[in-house]
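Notes to accompany the following structure.
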Amino acid sequence: MSGKLIDGRALAQKKQAELADKVVQFKSEHGFVPGLVVILVGDDPASQVYVRNKERAALAAGFRSETLRLSDATSEEELLELIAKYNQDPAYHGILVQLPLPHHINDKRVILAIDPHKDVDGFHPMNTGHLWSGRPLMVPCTPAGIMEMLREYEVDLEGKTAVIVGRSNIVGKPMAQLLLGKNATVTLTHSRTRHLAAVCKQADILIVAIGQGHFVTKDFVKEGAVVIDVGMNRDDDGKLIGDVKFDEVVELASLITPVPGGVGPMTITMLLEQTYQAALRSVTL
Ligand code: GUN
């Protein structure tokens, strides 16, 4: 069974160690290290965990890392002023505002305020535009991490049928564009798709980001398919589970990501990679 597993944790460790070496080299050439600021507003428990993991990984790879934990009472104006300050600060090459934001803050305005060159999440419409015109620059980190996993495990995408379940701006839509860029034939499905299981069963590569625990059963999966599970859900006992019913789908898949230890660690790796790339561009442009 282990031969089928895509080990996102091991791959992330390897990539982050390589990145740490590149940061040492960068510092010797340029006299500073890439900098990342992560801004969290409010006390959403899941966001607190994500932000702590990002901070740890950035420090371990030798980055300058700042994490701002702001109270729920922070106004939109205050947040926008802070972003304007980091846009101007040459010590920071990446700015990430953790989502979701409290309801009184308009997340679209916040994303628009981030300098697109520092938008390491790839959420700014300018970066979305680059991606959809086939010239990706800053790309949302989860789909970027999935592409890296597929590359590392030598999954052939050329002309293959890829089905994505879930059409979010963070995962589904950018994922479709990245797979299209590698000449896969892409179907982007969602909760209203008719005959969803039958559509998924056509997939050579099935990417599931629907946000419902154990949604995809063996009835959705073709023998030999590559299955990527983006889900992070809690079951009734509080255990972390994916969107895919792993125990039965693993019997059919040729490769499959576990939850936890699959997609999650690669998301953070790509955040660091894009911050490093932004720092490189800051000295070469
Ligand atoms: N919340 C959940 N996923 C993400 C992400 O990739 N980036 C940000 N900024 N917030 C998130």
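How things are named: the first chain in the structure tokens is A, the next is B, and so on; residues count from 1 in each chain; ligands count from 1 in the order shown.
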Please build the interface table for chain A against ligand 1 with a cut-off of 7 Å, listing for each qualifying residue the nearest atom pair and the distance in Å to one decimal; count only C-alpha atoms and all ligand atoms, order rows by chain and increasing number, and write it as CSV.
residue,atom,partner,partner_atom_place_in_ligand_line,distance
A:Ser47,CA,ligand 1,1 (N),6.9
A:Leu96,CA,ligand 1,9 (N),5.4
A:Val97,CA,ligand 1,9 (N),4.8
A:Gln98,CA,ligand 1,9 (N),3.7
A:Leu99,CA,ligand 1,10 (N),3.8
A:Pro100,CA,ligand 1,1 (N),6.0
A:Asp121,CA,ligand 1,7 (N),5.7
A:Pro140,CA,ligand 1,6 (O),6.5
A:Cys141,CA,ligand 1,6 (O),5.9
A:Thr142,CA,ligand 1,6 (O),6.4
A:Ile170,CA,ligand 1,6 (O),6.5
Problem set entry | Long-range neighbours of range 211-221 of chain A as a ChimeraX atom specification, 10 Å cut-off, only C-alpha atoms, 4 positions minimum in chain | /A:165-166,196-206,225-227,229-235,240-253
For this session: Taking the DSSP assignment computed from this structure's backbone, write out as a VMD selection string all residues of range 37-271 of chain A that belong to strand (DSSP E).
Result: chain A and resid 37 to 41 64 to 70 94 to 97 161 to 165 185 to 189 205 to 208 226 to 229 233 to 234 240 to 241 255 to 256
Seminar exercise, completed: For Leu40 in chain A, the closest of A:Lys54, A:Arg69, A:Lys27, A:Lys14 counting only C-alpha atoms is A:Arg69
Identify, on the basis of only C-alpha atoms, every residue whose closest approach to Arg135 in chain A does not exceed 12 Å; exclude the query and any residue fewer than 3 positions from it along the same chain; express the result as an mmCIF file with all heavy atoms, in the first residue's frame.
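Contents of the output file result19.cif:
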data_model
loop_
_atom_site.group_PDB
_atom_site.id
_atom_site.type_symbol
_atom_site.label_atom_id
_atom_site.label_comp_id
_atom_site.auth_asym_id
_atom_site.auth_seq_id
_atom_site.Cartn_x
_atom_site.Cartn_y
_atom_site.Cartn_z
ATOM 1 N N MET A 126 -4.443 40.691 -10.514
ATOM 2 C CA MET A 126 -3.358 40.757 -11.501
ATOM 3 C C MET A 126 -2.672 39.391 -11.644
ATOM 4 O O MET A 126 -2.375 38.946 -12.756
ATOM 5 C CB MET A 126 -2.334 41.818 -11.108
ATOM 6 C CG MET A 126 -1.416 42.163 -12.252
ATOM 7 S SD MET A 126 -0.391 43.560 -11.844
ATOM 8 C CE MET A 126 1.169 42.753 -11.728
ATOM 9 N N ASN A 127 -2.478 38.728 -10.511
ATOM 10 C CA ASN A 127 -1.862 37.395 -10.574
ATOM 11 C C ASN A 127 -2.825 36.349 -11.133
ATOM 12 O O ASN A 127 -2.404 35.429 -11.836
ATOM 13 C CB ASN A 127 -1.328 37.001 -9.193
ATOM 14 C CG ASN A 127 -0.073 37.787 -8.858
ATOM 15 O OD1 ASN A 127 0.804 37.946 -9.712
ATOM 16 N ND2 ASN A 127 0.007 38.309 -7.646
ATOM 17 N N THR A 128 -4.117 36.509 -10.813
ATOM 18 C CA THR A 128 -5.128 35.628 -11.411
ATOM 19 C C THR A 128 -5.096 35.781 -12.934
ATOM 20 O O THR A 128 -5.153 34.797 -13.676
ATOM 21 C CB THR A 128 -6.538 35.992 -10.892
ATOM 22 O OG1 THR A 128 -6.471 36.106 -9.475
ATOM 23 C CG2 THR A 128 -7.557 34.948 -11.253
ATOM 24 N N GLY A 129 -4.983 37.019 -13.375
ATOM 25 C CA GLY A 129 -4.925 37.304 -14.817
ATOM 26 C C GLY A 129 -3.714 36.667 -15.474
ATOM 27 O O GLY A 129 -3.819 36.076 -16.545
ATOM 28 N N HIS A 130 -2.551 36.777 -14.821
ATOM 29 C CA HIS A 130 -1.346 36.134 -15.357
ATOM 30 C C HIS A 130 -1.580 34.636 -15.519
ATOM 31 O O HIS A 130 -1.226 34.047 -16.538
ATOM 32 C CB HIS A 130 -0.157 36.341 -14.411
ATOM 33 C CG HIS A 130 0.468 37.696 -14.503
ATOM 34 N ND1 HIS A 130 0.841 38.260 -15.701
ATOM 35 C CD2 HIS A 130 0.796 38.597 -13.546
ATOM 36 C CE1 HIS A 130 1.376 39.448 -15.476
ATOM 37 N NE2 HIS A 130 1.338 39.687 -14.172
ATOM 38 N N LEU A 131 -2.184 34.032 -14.495
ATOM 39 C CA LEU A 131 -2.412 32.578 -14.537
ATOM 40 C C LEU A 131 -3.363 32.207 -15.673
ATOM 41 O O LEU A 131 -3.108 31.274 -16.435
ATOM 42 C CB LEU A 131 -2.972 32.112 -13.181
ATOM 43 C CG LEU A 131 -3.343 30.639 -13.056
ATOM 44 C CD1 LEU A 131 -2.140 29.736 -13.314
ATOM 45 C CD2 LEU A 131 -3.919 30.349 -11.669
ATOM 46 N N TRP A 132 -4.455 32.968 -15.801
ATOM 47 C CA TRP A 132 -5.470 32.615 -16.812
ATOM 48 C C TRP A 132 -5.047 32.978 -18.222
ATOM 49 O O TRP A 132 -5.656 32.524 -19.188
ATOM 50 C CB TRP A 132 -6.835 33.203 -16.446
ATOM 51 C CG TRP A 132 -7.451 32.349 -15.381
ATOM 52 C CD1 TRP A 132 -7.177 32.412 -14.053
ATOM 53 C CD2 TRP A 132 -8.342 31.246 -15.553
ATOM 54 N NE1 TRP A 132 -7.860 31.421 -13.379
ATOM 55 C CE2 TRP A 132 -8.586 30.701 -14.275
ATOM 56 C CE3 TRP A 132 -8.973 30.674 -16.664
ATOM 57 C CZ2 TRP A 132 -9.422 29.590 -14.089
ATOM 58 C CZ3 TRP A 132 -9.815 29.585 -16.468
ATOM 59 C CH2 TRP A 132 -10.029 29.055 -15.196
ATOM 60 N N MET A 138 2.677 34.560 -9.558
ATOM 61 C CA MET A 138 2.354 34.112 -8.200
ATOM 62 C C MET A 138 1.071 33.292 -8.292
ATOM 63 O O MET A 138 0.041 33.786 -8.781
ATOM 64 C CB MET A 138 2.086 35.305 -7.294
ATOM 65 C CG MET A 138 3.256 36.237 -7.183
ATOM 66 S SD MET A 138 4.418 35.652 -5.957
ATOM 67 C CE MET A 138 5.111 37.234 -5.501
ATOM 68 N N VAL A 139 1.108 32.067 -7.803
ATOM 69 C CA VAL A 139 0.009 31.117 -7.979
ATOM 70 C C VAL A 139 -0.481 30.687 -6.596
ATOM 71 O O VAL A 139 0.337 30.500 -5.696
ATOM 72 C CB VAL A 139 0.532 29.892 -8.765
ATOM 73 C CG1 VAL A 139 -0.538 28.852 -8.925
ATOM 74 C CG2 VAL A 139 1.055 30.316 -10.123
ATOM 75 N N GLN A 177 -6.494 25.684 -14.285
ATOM 76 C CA GLN A 177 -5.629 26.419 -15.208
ATOM 77 C C GLN A 177 -4.224 25.809 -15.244
ATOM 78 O O GLN A 177 -3.621 25.693 -16.315
ATOM 79 C CB GLN A 177 -5.583 27.889 -14.769
ATOM 80 C CG GLN A 177 -5.026 28.824 -15.764
ATOM 81 C CD GLN A 177 -5.635 28.685 -17.131
ATOM 82 O OE1 GLN A 177 -4.946 28.374 -18.077
ATOM 83 N NE2 GLN A 177 -6.897 28.916 -17.286
ATOM 84 N N LEU A 178 -3.706 25.401 -14.084
ATOM 85 C CA LEU A 178 -2.364 24.810 -14.043
ATOM 86 C C LEU A 178 -2.336 23.473 -14.792
ATOM 87 O O LEU A 178 -1.382 23.171 -15.515
ATOM 88 C CB LEU A 178 -1.915 24.614 -12.588
ATOM 89 C CG LEU A 178 -1.596 25.910 -11.844
ATOM 90 C CD1 LEU A 178 -1.400 25.641 -10.355
ATOM 91 C CD2 LEU A 178 -0.352 26.594 -12.412
ATOM 92 N N LEU A 180 -4.378 22.577 -17.195
ATOM 93 C CA LEU A 180 -4.543 22.917 -18.613
ATOM 94 C C LEU A 180 -3.201 23.325 -19.221
ATOM 95 O O LEU A 180 -2.871 22.957 -20.357
ATOM 96 C CB LEU A 180 -5.540 24.081 -18.706
ATOM 97 C CG LEU A 180 -6.267 24.333 -20.003
ATOM 98 C CD1 LEU A 180 -6.975 23.084 -20.504
ATOM 99 C CD2 LEU A 180 -7.288 25.461 -19.781
ATOM 100 N N GLY A 181 -2.429 24.047 -18.429
ATOM 101 C CA GLY A 181 -1.093 24.478 -18.881
ATOM 102 C C GLY A 181 -0.165 23.305 -19.148
ATOM 103 O O GLY A 181 0.829 23.440 -19.859
#
